[in-house]
$ cat target-v3.txt   # compact mmCIF, C-alpha atoms
# COMPACT_ATOMS: atom_id res chain seq x y z
CA MET A 188 -172.90 218.50 -113.93
CA SER A 189 -173.57 219.84 -110.48
CA ARG A 190 -172.74 217.44 -107.68
CA LYS A 191 -173.18 218.20 -104.05
CA PRO A 192 -169.80 219.04 -102.53
CA ASP A 193 -168.47 217.03 -99.58
CA ASP A 194 -166.47 220.02 -98.36
CA THR A 195 -165.94 223.67 -99.22
CA LEU A 196 -162.84 225.86 -99.29
CA ASP A 197 -162.39 229.61 -99.75
CA ILE A 198 -159.02 230.63 -101.17
CA THR A 199 -159.94 234.20 -102.11
CA ASP A 200 -157.88 235.50 -99.16
CA VAL A 201 -154.55 234.03 -100.26
CA VAL A 202 -152.30 234.38 -103.31
CA CYS A 203 -150.30 231.99 -105.45
CA PRO A 204 -148.82 229.55 -104.49
CA MET A 205 -150.85 229.32 -101.26
CA THR A 206 -154.05 229.05 -103.31
CA PHE A 207 -153.01 225.69 -104.71
CA VAL A 208 -151.33 224.52 -101.50
CA LYS A 209 -154.56 225.06 -99.56
CA ALA A 210 -156.64 223.28 -102.20
CA LYS A 211 -154.21 220.39 -102.33
CA MET A 212 -154.12 219.99 -98.54
CA ARG A 213 -157.89 220.06 -98.25
CA LEU A 214 -158.22 217.44 -100.98
CA GLU A 215 -155.83 215.22 -99.04
CA ASP A 216 -158.43 215.07 -96.25
CA LEU A 217 -161.10 213.76 -98.62
CA ASP A 218 -161.64 210.23 -99.91
CA ASP A 219 -161.11 209.35 -103.54
CA GLY A 220 -164.10 210.42 -105.62
CA GLN A 221 -165.35 212.97 -103.07
CA VAL A 222 -165.99 216.52 -104.23
CA LEU A 223 -164.54 219.80 -102.96
CA ALA A 224 -166.09 223.19 -103.74
CA VAL A 225 -163.44 225.90 -104.07
CA HIS A 226 -164.11 229.63 -104.11
CA LEU A 227 -161.26 231.42 -105.87
CA ASN A 228 -160.42 234.76 -107.43
CA ASN A 229 -160.22 235.71 -111.07
CA GLY A 230 -156.74 236.31 -112.50
CA GLU A 231 -153.81 234.21 -111.37
CA PRO A 232 -155.81 231.76 -109.21
CA ILE A 233 -158.18 230.71 -112.00
CA GLN A 234 -155.23 230.52 -114.41
CA ASN A 235 -153.14 228.27 -112.19
CA VAL A 236 -155.26 226.31 -109.73
CA PRO A 237 -157.28 224.16 -112.19
CA ARG A 238 -154.12 223.33 -114.14
CA SER A 239 -152.22 222.35 -111.00
CA LEU A 240 -155.16 220.24 -109.80
CA LYS A 241 -155.11 218.41 -113.12
CA ASP A 242 -151.36 217.83 -112.82
CA GLU A 243 -151.99 216.27 -109.39
CA GLY A 244 -154.58 213.90 -110.83
CA HIS A 245 -157.74 215.61 -109.60
CA LYS A 246 -160.65 216.38 -111.88
CA VAL A 247 -162.43 219.69 -112.30
CA LEU A 248 -166.16 219.01 -112.65
CA SER A 249 -167.49 222.50 -113.13
CA VAL A 250 -166.55 226.16 -113.12
CA GLU A 251 -169.06 228.92 -112.49
CA GLN A 252 -168.30 232.62 -112.46
CA ASN A 253 -169.95 234.81 -109.83
CA ALA A 254 -171.24 238.34 -110.34
CA ASP A 255 -168.16 239.74 -108.54
CA GLY A 256 -165.81 238.01 -111.01
CA SER A 257 -164.70 235.27 -108.62
CA TYR A 258 -165.21 231.60 -109.46
CA ASN A 259 -166.74 228.52 -107.86
CA LEU A 260 -164.92 225.36 -108.76
CA LEU A 261 -166.09 221.80 -108.12
CA VAL A 262 -163.19 219.33 -107.96
CA GLU A 263 -163.33 215.57 -107.63
CA LYS A 264 -160.48 214.00 -105.73
CA GLY A 265 -158.42 211.88 -108.12
CA ARG A 266 -158.29 208.12 -107.75
CA LEU A 267 -154.53 207.78 -107.92
CA MET B 60 -99.78 250.31 -138.68
CA ALA B 61 -103.21 251.84 -138.09
CA VAL B 62 -105.55 249.75 -136.03
CA ASP B 63 -108.64 248.63 -137.97
CA TYR B 64 -111.23 249.16 -135.24
CA LYS B 65 -114.08 248.28 -137.58
CA GLU B 66 -112.58 244.89 -138.32
CA LEU B 67 -111.96 244.32 -134.61
CA LYS B 68 -115.55 245.27 -133.80
CA LYS B 69 -116.82 242.87 -136.45
CA GLY B 70 -114.83 240.17 -134.69
CA GLY B 71 -116.35 240.99 -131.30
CA PHE B 72 -113.74 243.40 -129.93
CA MET B 73 -115.52 246.57 -128.85
CA ARG B 74 -113.39 249.61 -128.33
CA GLN B 75 -113.50 250.97 -124.79
CA LYS B 76 -113.15 254.59 -123.74
CA GLN B 77 -109.72 253.60 -122.38
CA LYS B 78 -107.20 253.67 -125.26
CA ASP B 79 -106.28 250.27 -126.73
CA ASN B 80 -108.63 248.44 -124.36
CA PHE B 81 -111.41 246.28 -125.69
CA SER B 82 -114.49 244.69 -124.26
CA MET B 83 -114.44 241.30 -125.90
CA ARG B 84 -117.78 239.77 -126.83
CA LEU B 85 -118.04 235.98 -126.73
CA LYS B 86 -120.20 233.89 -128.94
CA SER B 87 -123.44 232.78 -127.30
CA VAL B 88 -126.23 230.74 -128.86
CA GLY B 89 -129.46 230.45 -126.94
CA GLY B 90 -127.68 231.58 -123.77
CA HIS B 91 -125.95 228.25 -123.20
CA PHE B 92 -122.37 227.98 -121.97
CA THR B 93 -120.85 224.74 -120.72
CA ALA B 94 -119.09 224.68 -117.36
CA ALA B 95 -115.86 223.94 -119.25
CA GLN B 96 -116.34 227.04 -121.40
CA LEU B 97 -116.90 229.10 -118.27
CA GLY B 98 -113.57 227.77 -117.00
CA THR B 99 -111.90 229.19 -120.09
CA VAL B 100 -113.76 232.47 -119.64
CA GLN B 101 -112.54 232.67 -116.06
CA GLN B 102 -108.98 231.99 -117.13
CA VAL B 103 -109.03 234.71 -119.82
CA ALA B 104 -110.74 237.25 -117.56
CA GLU B 105 -108.12 236.71 -114.86
CA GLN B 106 -105.10 236.51 -117.15
CA TYR B 107 -105.94 239.16 -119.75
CA GLY B 108 -108.83 241.20 -118.33
CA LYS B 109 -109.55 242.56 -114.87
CA GLY B 110 -110.93 239.38 -113.38
CA TYR B 111 -114.60 240.00 -114.10
CA VAL B 112 -117.08 239.56 -116.93
CA HIS B 113 -120.09 241.56 -117.99
CA LEU B 114 -123.33 239.74 -118.82
CA THR B 115 -124.98 241.54 -121.72
CA SER B 116 -128.67 242.23 -122.20
CA ARG B 117 -128.85 239.54 -124.89
CA GLN B 118 -127.46 236.49 -123.12
CA GLY B 119 -123.87 237.24 -124.03
CA ILE B 120 -120.65 237.43 -122.06
CA GLU B 121 -118.15 240.24 -122.51
CA ILE B 122 -114.70 240.32 -120.99
CA PRO B 123 -113.64 243.96 -120.61
CA PHE B 124 -110.11 245.41 -120.54
CA ILE B 125 -108.50 243.14 -123.10
CA GLN B 126 -105.34 244.86 -124.35
CA LEU B 127 -104.77 245.42 -128.05
CA ALA B 128 -101.38 243.70 -127.83
CA ASP B 129 -102.95 240.57 -126.28
CA ILE B 130 -105.73 240.03 -128.83
CA GLU B 131 -104.08 237.21 -130.76
CA ALA B 132 -103.00 235.38 -127.58
CA VAL B 133 -106.52 235.77 -126.13
CA LYS B 134 -108.11 234.41 -129.29
CA LYS B 135 -105.88 231.36 -129.16
CA THR B 136 -106.56 230.70 -125.47
CA LEU B 137 -110.30 230.94 -126.11
CA LEU B 138 -110.19 228.69 -129.15
CA ASP B 139 -108.16 226.06 -127.29
CA GLY B 140 -110.75 226.26 -124.49
CA GLY B 141 -113.73 225.79 -126.80
CA VAL B 142 -114.97 229.39 -126.73
CA GLN B 143 -115.55 231.52 -129.81
CA VAL B 144 -115.50 235.27 -130.09
CA GLY B 145 -118.86 236.86 -130.92
CA VAL B 146 -119.85 239.37 -133.55
CA CYS B 147 -120.95 242.99 -133.65
CA GLY B 148 -121.87 245.45 -136.40
CA PRO B 149 -124.21 245.09 -139.39
CA ARG B 150 -124.95 241.39 -139.38
CA VAL B 151 -126.99 238.66 -137.71
CA ARG B 152 -126.31 239.05 -134.01
CA THR B 153 -126.40 236.74 -131.03
CA ILE B 154 -129.40 234.42 -131.30
CA THR B 155 -131.25 234.38 -128.00
CA ALA B 156 -133.60 231.78 -126.53
CA CYS B 157 -135.36 230.82 -123.34
CA GLN B 158 -134.80 227.24 -122.16
CA GLY B 159 -137.84 226.05 -124.10
CA SER B 160 -139.52 222.68 -124.16
CA ALA B 161 -136.31 220.77 -123.40
CA VAL B 162 -136.45 222.03 -119.80
CA CYS B 163 -139.48 224.25 -119.10
CA PRO B 164 -142.90 222.71 -118.30
CA SER B 165 -144.56 225.56 -120.22
CA GLY B 166 -142.37 225.21 -123.33
CA LEU B 167 -144.05 224.27 -126.59
CA ILE B 168 -141.01 224.38 -128.91
CA ASP B 169 -137.34 223.47 -128.49
CA THR B 170 -136.00 227.02 -128.61
CA VAL B 171 -132.35 226.20 -127.92
CA LYS B 172 -132.26 223.62 -130.70
CA LEU B 173 -133.88 226.18 -132.98
CA ALA B 174 -131.28 228.79 -131.98
CA ASN B 175 -128.45 226.41 -132.88
CA GLU B 176 -130.02 225.60 -136.23
CA PHE B 177 -130.47 229.33 -136.92
CA ASP B 178 -126.86 229.94 -135.94
CA LYS B 179 -125.73 227.32 -138.46
CA ARG B 180 -127.83 228.84 -141.21
CA TYR B 181 -127.66 232.56 -140.51
CA GLY B 182 -125.12 233.27 -137.73
CA GLY B 183 -122.99 236.34 -138.48
CA ARG B 184 -124.50 236.86 -141.94
CA GLU B 185 -123.70 240.30 -143.37
CA LEU B 186 -126.73 242.58 -143.69
CA PRO B 187 -127.47 246.32 -144.12
CA HIS B 188 -127.70 246.69 -140.33
CA LYS B 189 -127.80 244.57 -137.20
CA PHE B 190 -130.46 241.86 -137.20
CA LYS B 191 -131.65 240.11 -134.05
CA PHE B 192 -133.38 236.77 -133.67
CA GLY B 193 -134.99 235.73 -130.39
CA PHE B 194 -137.01 232.64 -129.52
CA THR B 195 -139.37 231.91 -126.67
CA GLY B 196 -141.08 228.63 -125.86
CA CYS B 197 -144.59 229.82 -125.09
CA HIS B 198 -146.98 232.72 -124.77
CA ASN B 199 -145.54 233.68 -121.38
CA ASN B 200 -142.82 235.24 -123.53
CA CYS B 201 -139.93 235.17 -121.04
CA LEU B 202 -137.58 235.98 -123.91
CA LYS B 203 -139.67 238.94 -125.14
CA THR B 204 -139.62 237.89 -128.79
CA GLU B 205 -141.35 241.01 -130.11
CA GLU B 206 -138.25 243.05 -129.25
CA ASN B 207 -136.40 241.25 -132.03
CA ASP B 208 -136.16 241.97 -135.75
CA LEU B 209 -137.58 238.48 -136.11
CA GLY B 210 -139.00 236.67 -133.13
CA ILE B 211 -140.44 233.19 -132.81
CA LYS B 212 -142.79 232.08 -130.06
CA GLY B 213 -143.97 228.56 -129.39
CA GLY B 214 -147.70 228.18 -129.82
CA THR B 215 -150.30 225.46 -130.00
CA MET B 216 -153.38 225.27 -132.19
CA PRO B 217 -156.22 223.90 -130.05
CA SER B 218 -158.71 221.38 -131.32
CA TRP B 219 -161.74 220.14 -129.40
CA LYS B 220 -163.11 216.60 -129.09
CA GLU B 221 -166.83 216.61 -128.40
CA ASP B 222 -167.08 213.11 -126.93
CA ALA B 223 -164.46 213.81 -124.23
CA CYS B 224 -165.93 217.16 -123.10
CA THR B 225 -167.87 217.46 -119.83
CA TYR B 226 -168.73 221.15 -120.42
CA CYS B 227 -167.22 222.08 -117.06
CA GLY B 228 -166.29 225.55 -118.34
CA VAL B 229 -162.69 225.66 -117.18
CA CYS B 230 -161.37 226.43 -120.69
CA GLN B 231 -163.58 229.48 -120.95
CA ALA B 232 -162.49 230.62 -117.49
CA VAL B 233 -158.76 230.37 -118.20
CA CYS B 234 -158.85 231.87 -121.71
CA LEU B 235 -157.48 235.40 -121.36
CA GLU B 236 -158.47 236.26 -124.91
CA LYS B 237 -162.12 235.25 -124.41
CA ALA B 238 -161.81 233.06 -127.49
CA ILE B 239 -163.83 230.18 -125.98
CA VAL B 240 -167.51 230.16 -125.10
CA VAL B 241 -168.98 227.13 -123.37
CA ASP B 242 -172.74 226.77 -123.27
CA LYS B 243 -173.39 224.28 -120.49
CA THR B 244 -177.09 223.98 -121.19
CA ALA B 245 -176.95 223.57 -124.94
CA LYS B 246 -173.73 221.56 -124.58
CA THR B 247 -171.76 223.50 -127.15
CA VAL B 248 -168.21 224.85 -127.19
CA ARG B 249 -167.18 227.59 -129.58
CA LEU B 250 -163.59 228.58 -130.35
CA ASP B 251 -163.01 231.88 -132.12
CA LEU B 252 -159.68 231.40 -133.90
CA ASP B 253 -159.38 235.11 -134.66
CA GLN B 254 -159.12 235.72 -130.91
CA CYS B 255 -156.89 232.70 -130.16
CA VAL B 256 -153.23 233.46 -129.44
CA TYR B 257 -152.20 229.77 -129.39
CA CYS B 258 -151.17 229.93 -125.69
CA GLY B 259 -152.50 226.45 -124.88
CA LYS B 260 -154.07 227.36 -121.52
CA CYS B 261 -157.29 225.58 -122.49
CA ILE B 262 -155.35 222.39 -123.24
CA LYS B 263 -153.34 222.49 -120.02
CA SER B 264 -156.40 223.09 -117.86
CA CYS B 265 -158.84 220.68 -119.48
CA PRO B 266 -159.63 217.92 -116.95
CA THR B 267 -160.70 215.41 -119.60
CA ASP B 268 -158.22 216.17 -122.39
CA ALA B 269 -161.05 217.24 -124.64
CA TRP B 270 -158.71 219.98 -125.86
CA ASN B 271 -155.61 218.88 -127.72
CA GLY B 272 -153.09 220.91 -129.63
CA GLU B 273 -150.62 220.84 -132.45
CA ASN B 274 -147.48 222.82 -131.58
CA GLY B 275 -145.97 225.32 -133.97
CA PHE B 276 -144.15 228.60 -134.51
CA VAL B 277 -145.66 232.07 -134.12
CA ILE B 278 -143.47 234.62 -135.91
CA SER B 279 -143.20 238.38 -135.35
CA PHE B 280 -141.36 240.90 -137.50
CA GLY B 281 -139.74 244.30 -137.10
CA GLY B 282 -139.21 244.60 -133.36
CA LEU B 283 -136.86 247.32 -132.12
CA TYR B 284 -135.75 248.22 -128.64
CA GLY B 285 -133.16 250.95 -128.97
CA ASN B 286 -133.42 254.66 -129.70
CA ARG B 287 -136.74 253.90 -131.23
CA ILE B 288 -139.06 251.36 -129.64
CA ALA B 289 -141.36 249.26 -131.80
CA VAL B 290 -143.13 246.02 -130.98
CA GLY B 291 -142.71 243.24 -133.54
CA ARG B 292 -145.86 242.64 -135.56
CA HIS B 293 -147.78 239.42 -136.15
CA PHE B 294 -149.54 238.87 -139.43
CA LEU B 295 -148.96 235.20 -140.19
CA PRO B 296 -150.94 232.21 -138.99
CA ILE B 297 -149.13 229.74 -136.73
CA ILE B 298 -146.59 227.72 -138.78
CA PHE B 299 -146.30 223.99 -138.06
CA ASP B 300 -143.51 223.01 -140.44
CA GLU B 301 -140.00 224.00 -139.30
CA ASP B 302 -138.71 223.99 -142.90
CA LYS B 303 -141.37 226.56 -143.72
CA VAL B 304 -139.96 228.76 -140.97
CA TYR B 305 -136.57 228.78 -142.72
CA THR B 306 -138.22 229.63 -146.02
CA ILE B 307 -139.92 232.60 -144.34
CA VAL B 308 -136.64 233.71 -142.78
CA ASP B 309 -134.88 233.43 -146.16
CA VAL B 310 -137.51 235.68 -147.73
CA THR B 311 -137.24 238.10 -144.81
CA LEU B 312 -133.46 238.45 -144.98
CA ALA B 313 -133.56 238.74 -148.78
CA PHE B 314 -136.12 241.54 -148.45
CA PHE B 315 -133.97 243.32 -145.88
CA GLU B 316 -130.86 242.97 -148.08
CA LYS B 317 -132.67 244.19 -151.15
CA TYR B 318 -134.54 247.16 -149.75
CA ALA B 319 -132.79 248.47 -146.63
CA LYS B 320 -130.40 251.40 -146.83
CA PRO B 321 -127.08 250.95 -145.07
CA SER B 322 -127.58 251.34 -141.29
CA GLU B 323 -131.35 251.11 -141.54
CA ARG B 324 -133.00 248.72 -139.10
CA PHE B 325 -135.58 246.28 -140.41
CA CYS B 326 -138.55 248.05 -138.82
CA ASN B 327 -137.53 251.41 -140.30
CA CYS B 328 -137.02 249.74 -143.68
CA LEU B 329 -140.51 248.24 -143.50
CA ASP B 330 -142.03 251.58 -142.51
CA ARG B 331 -140.38 253.22 -145.53
CA VAL B 332 -140.78 250.49 -148.15
CA GLY B 333 -144.15 249.19 -146.97
CA TRP B 334 -145.32 246.47 -144.61
CA ASP B 335 -147.91 245.40 -147.21
CA LYS B 336 -145.20 244.75 -149.76
CA PHE B 337 -143.26 242.64 -147.26
CA GLN B 338 -146.34 240.77 -146.08
CA LYS B 339 -147.18 239.87 -149.68
CA GLU B 340 -143.70 238.47 -150.28
CA VAL B 341 -143.87 236.37 -147.13
CA GLU B 342 -147.39 235.13 -147.77
CA ALA B 343 -146.34 234.08 -151.27
CA VAL B 344 -144.16 231.31 -149.79
CA LEU B 345 -146.67 229.99 -147.24

$ encode --input "target-v3.txt" --output "structure tokens"
Amino acid sequence: MSRKPDDTLDITDVVCPMTFVKAKMRLEDLDDGQVLAVHLNNGEPIQNVPRSLKDEGHKVLSVEQNADGSYNLLVEKGRL
Amino acid sequence: MAVDYKELKKGGFMRQKQKDNFSMRLKSVGGHFTAAQLGTVQQVAEQYGKGYVHLTSRQGIEIPFIQLADIEAVKKTLLDGGVQVGVCGPRVRTITACQGSAVCPSGLIDTVKLANEFDKRYGGRELPHKFKFGFTGCHNNCLKTEENDLGIKGGTMPSWKEDACTYCGVCQAVCLEKAIVVDKTAKTVRLDLDQCVYCGKCIKSCPTDAWNGENGFVISFGGLYGNRIAVGRHFLPIIFDEDKVYTIVDVTLAFFEKYAKPSERFCNCLDRVGWDKFQKEVEAVL
């Protein structure tokens, strides 16, 4: 499942909880059903961000790991 | 009449370096005290102690500088105020717990309820040496269960539903044990149960609830954190039935009573008598 993202966000330069806060704020700017691509670090960000997105009603579509260990996440804005 | 310090210690009165002064240990189960109990504690600390309490390393409260002559009056004040004196010496000690599933979003078992049930069944039981129980709600292990002679950790056994899965790969990404492999092309998901530590991260992260879990108890044995340091060992599968947990504890305490020398901690007893022997006895009741 690889959909074209409507927007992209890099959160590799911040740490928890700013990682999730940034992702959440950016998703607020999108319409329901639109897709955000998020670049995030291994470790705490990948442990926490997808779970928090789920708790907020958004849906992770795909997770790909890069050669440097970081991840690319595709998230669909939840229709709440 | 000679003072029976051993009997006082058993009843929670620990002798201080200052003659005829005692640090009085209060009973704590799962680290919970009501506000009303704290009122009583305050009253006793001000009236009979030095106006302060000491919080112990295992969720207890001690009130130092209780005078020998005041012990009976202090006991009565505490009892009237709904507070019990704790225990020390060779017996089941304070049962500790994190807040568990009743309060914590990460909690998988109700640790405080479990601590109270354990206290009813085993609290203060006489044994060859001290014996510590500690319970934590999940794999984050805030209560550090493996430090205890017997520790219990909440866990969850994941199961996967093929029709709900979108093969996004988030479960593989969040699994610290590398127990999950998602093949996006072939559309397969493999869970290696030998690697799984029942933490439930896959379940909590799964966007489509393709992962579900059954919660249970993960038990460790023989932890020590004193002069000698040993991490409690895991050799059992996750246990789902709470009654089975009590059966396992019964076998454990019976083993300790039967084989330990006086003043020998459980871990040292197991090292001497044999972990294999103990494991066999526990596995016989699974």

$ atom_distance --input "target-v3.txt" --atom1 "atom CA of B:Val277" --atom2 "atom CA of B:Gln118"
21.7 Å

$ residues_around --input "target-v3.txt" --residues "stretch 144-156 of chain B" --least-positions-apart "2" --cutoff "8 Å" --atoms "all atoms listed in the file" --output "PyMOL selection string"
chain B and resi 68-71+83-90+117-119+134+137+142+158-159+170-171+174+177-178+181-195+202+322

$ atom_distance --input "target-v3.txt" --atom1 "atom CA of B:Cys265" --atom2 "atom CA of B:Tyr226"
9.9 Å

$ residues_around --input "target-v3.txt" --residues "stretch 190-207 of chain A" --least-positions-apart "2" --cutoff "9 Å" --atoms "only C-alpha atoms" --output "list of chain:residue names"
A:Met188, A:Lys209, A:Ala210, A:Lys211, A:Met212, A:Arg213, A:Leu217, A:Gln221, A:Val222, A:Leu223, A:Ala224, A:Val225, A:His226, A:Leu227, A:Asn228, A:Glu231, A:Pro232, A:Asn235, A:Val236, A:Pro237, A:Ser239, A:Leu240, A:Leu248, A:Ser257, A:Leu261, A:Val262, A:Glu263

$ write_last_selection --input "target-v3.txt" --atoms "C-alpha atoms" --output "CSV table (one decimal), keeping the file's coordinate frame"
chain,number,residue,atom,x,y,z
A,188,MET,CA,-172.9,218.5,-113.9
A,209,LYS,CA,-154.6,225.1,-99.6
A,210,ALA,CA,-156.6,223.3,-102.2
A,211,LYS,CA,-154.2,220.4,-102.3
A,212,MET,CA,-154.1,220.0,-98.5
A,213,ARG,CA,-157.9,220.1,-98.2
A,217,LEU,CA,-161.1,213.8,-98.6
A,221,GLN,CA,-165.4,213.0,-103.1
A,222,VAL,CA,-166.0,216.5,-104.2
A,223,LEU,CA,-164.5,219.8,-103.0
A,224,ALA,CA,-166.1,223.2,-103.7
A,225,VAL,CA,-163.4,225.9,-104.1
A,226,HIS,CA,-164.1,229.6,-104.1
A,227,LEU,CA,-161.3,231.4,-105.9
A,228,ASN,CA,-160.4,234.8,-107.4
A,231,GLU,CA,-153.8,234.2,-111.4
A,232,PRO,CA,-155.8,231.8,-109.2
A,235,ASN,CA,-153.1,228.3,-112.2
A,236,VAL,CA,-155.3,226.3,-109.7
A,237,PRO,CA,-157.3,224.2,-112.2
A,239,SER,CA,-152.2,222.4,-111.0
A,240,LEU,CA,-155.2,220.2,-109.8
A,248,LEU,CA,-166.2,219.0,-112.6
A,257,SER,CA,-164.7,235.3,-108.6
A,261,LEU,CA,-166.1,221.8,-108.1
A,262,VAL,CA,-163.2,219.3,-108.0
A,263,GLU,CA,-163.3,215.6,-107.6

$ closest_residue --input "target-v3.txt" --among "B:Leu283, B:Pro123, B:Asp302, B:Gln96" --to "B:Gly108" --atoms "all atoms listed in the file"
B:Pro123

$ interface_residues --input "target-v3.txt" --of "chain B" --to "chain A" --cutoff "8 Å" --atoms "all atoms listed in the file" --output "PDB file with C-alpha atoms, in the frame of the given file"
ATOM      1  CA  THR B 225    -167.870 217.460-119.830  1.00  0.00           C
ATOM      2  CA  TYR B 226    -168.730 221.150-120.420  1.00  0.00           C
ATOM      3  CA  CYS B 227    -167.220 222.080-117.060  1.00  0.00           C
ATOM      4  CA  GLY B 228    -166.290 225.550-118.340  1.00  0.00           C
ATOM      5  CA  VAL B 229    -162.690 225.660-117.180  1.00  0.00           C
ATOM      6  CA  ALA B 232    -162.490 230.620-117.490  1.00  0.00           C
ATOM      7  CA  VAL B 233    -158.760 230.370-118.200  1.00  0.00           C
ATOM      8  CA  LYS B 260    -154.070 227.360-121.520  1.00  0.00           C
ATOM      9  CA  LYS B 263    -153.340 222.490-120.020  1.00  0.00           C
ATOM     10  CA  SER B 264    -156.400 223.090-117.860  1.00  0.00           C
ATOM     11  CA  CYS B 265    -158.840 220.680-119.480  1.00  0.00           C
ATOM     12  CA  PRO B 266    -159.630 217.920-116.950  1.00  0.00           C
ATOM     13  CA  THR B 267    -160.700 215.410-119.600  1.00  0.00           C
TER      14      THR B 267
END

$ residues_around --input "target-v3.txt" --residues "B:Phe276" --least-positions-apart "3" --cutoff "7 Å" --atoms "all atoms listed in the file" --output "NGL selection string"
:B and (211-214 or 297-299)

$ atom_distance --input "target-v3.txt" --atom1 "atom CA of B:Gly282" --atom2 "atom CA of B:Arg324"
9.4 Å
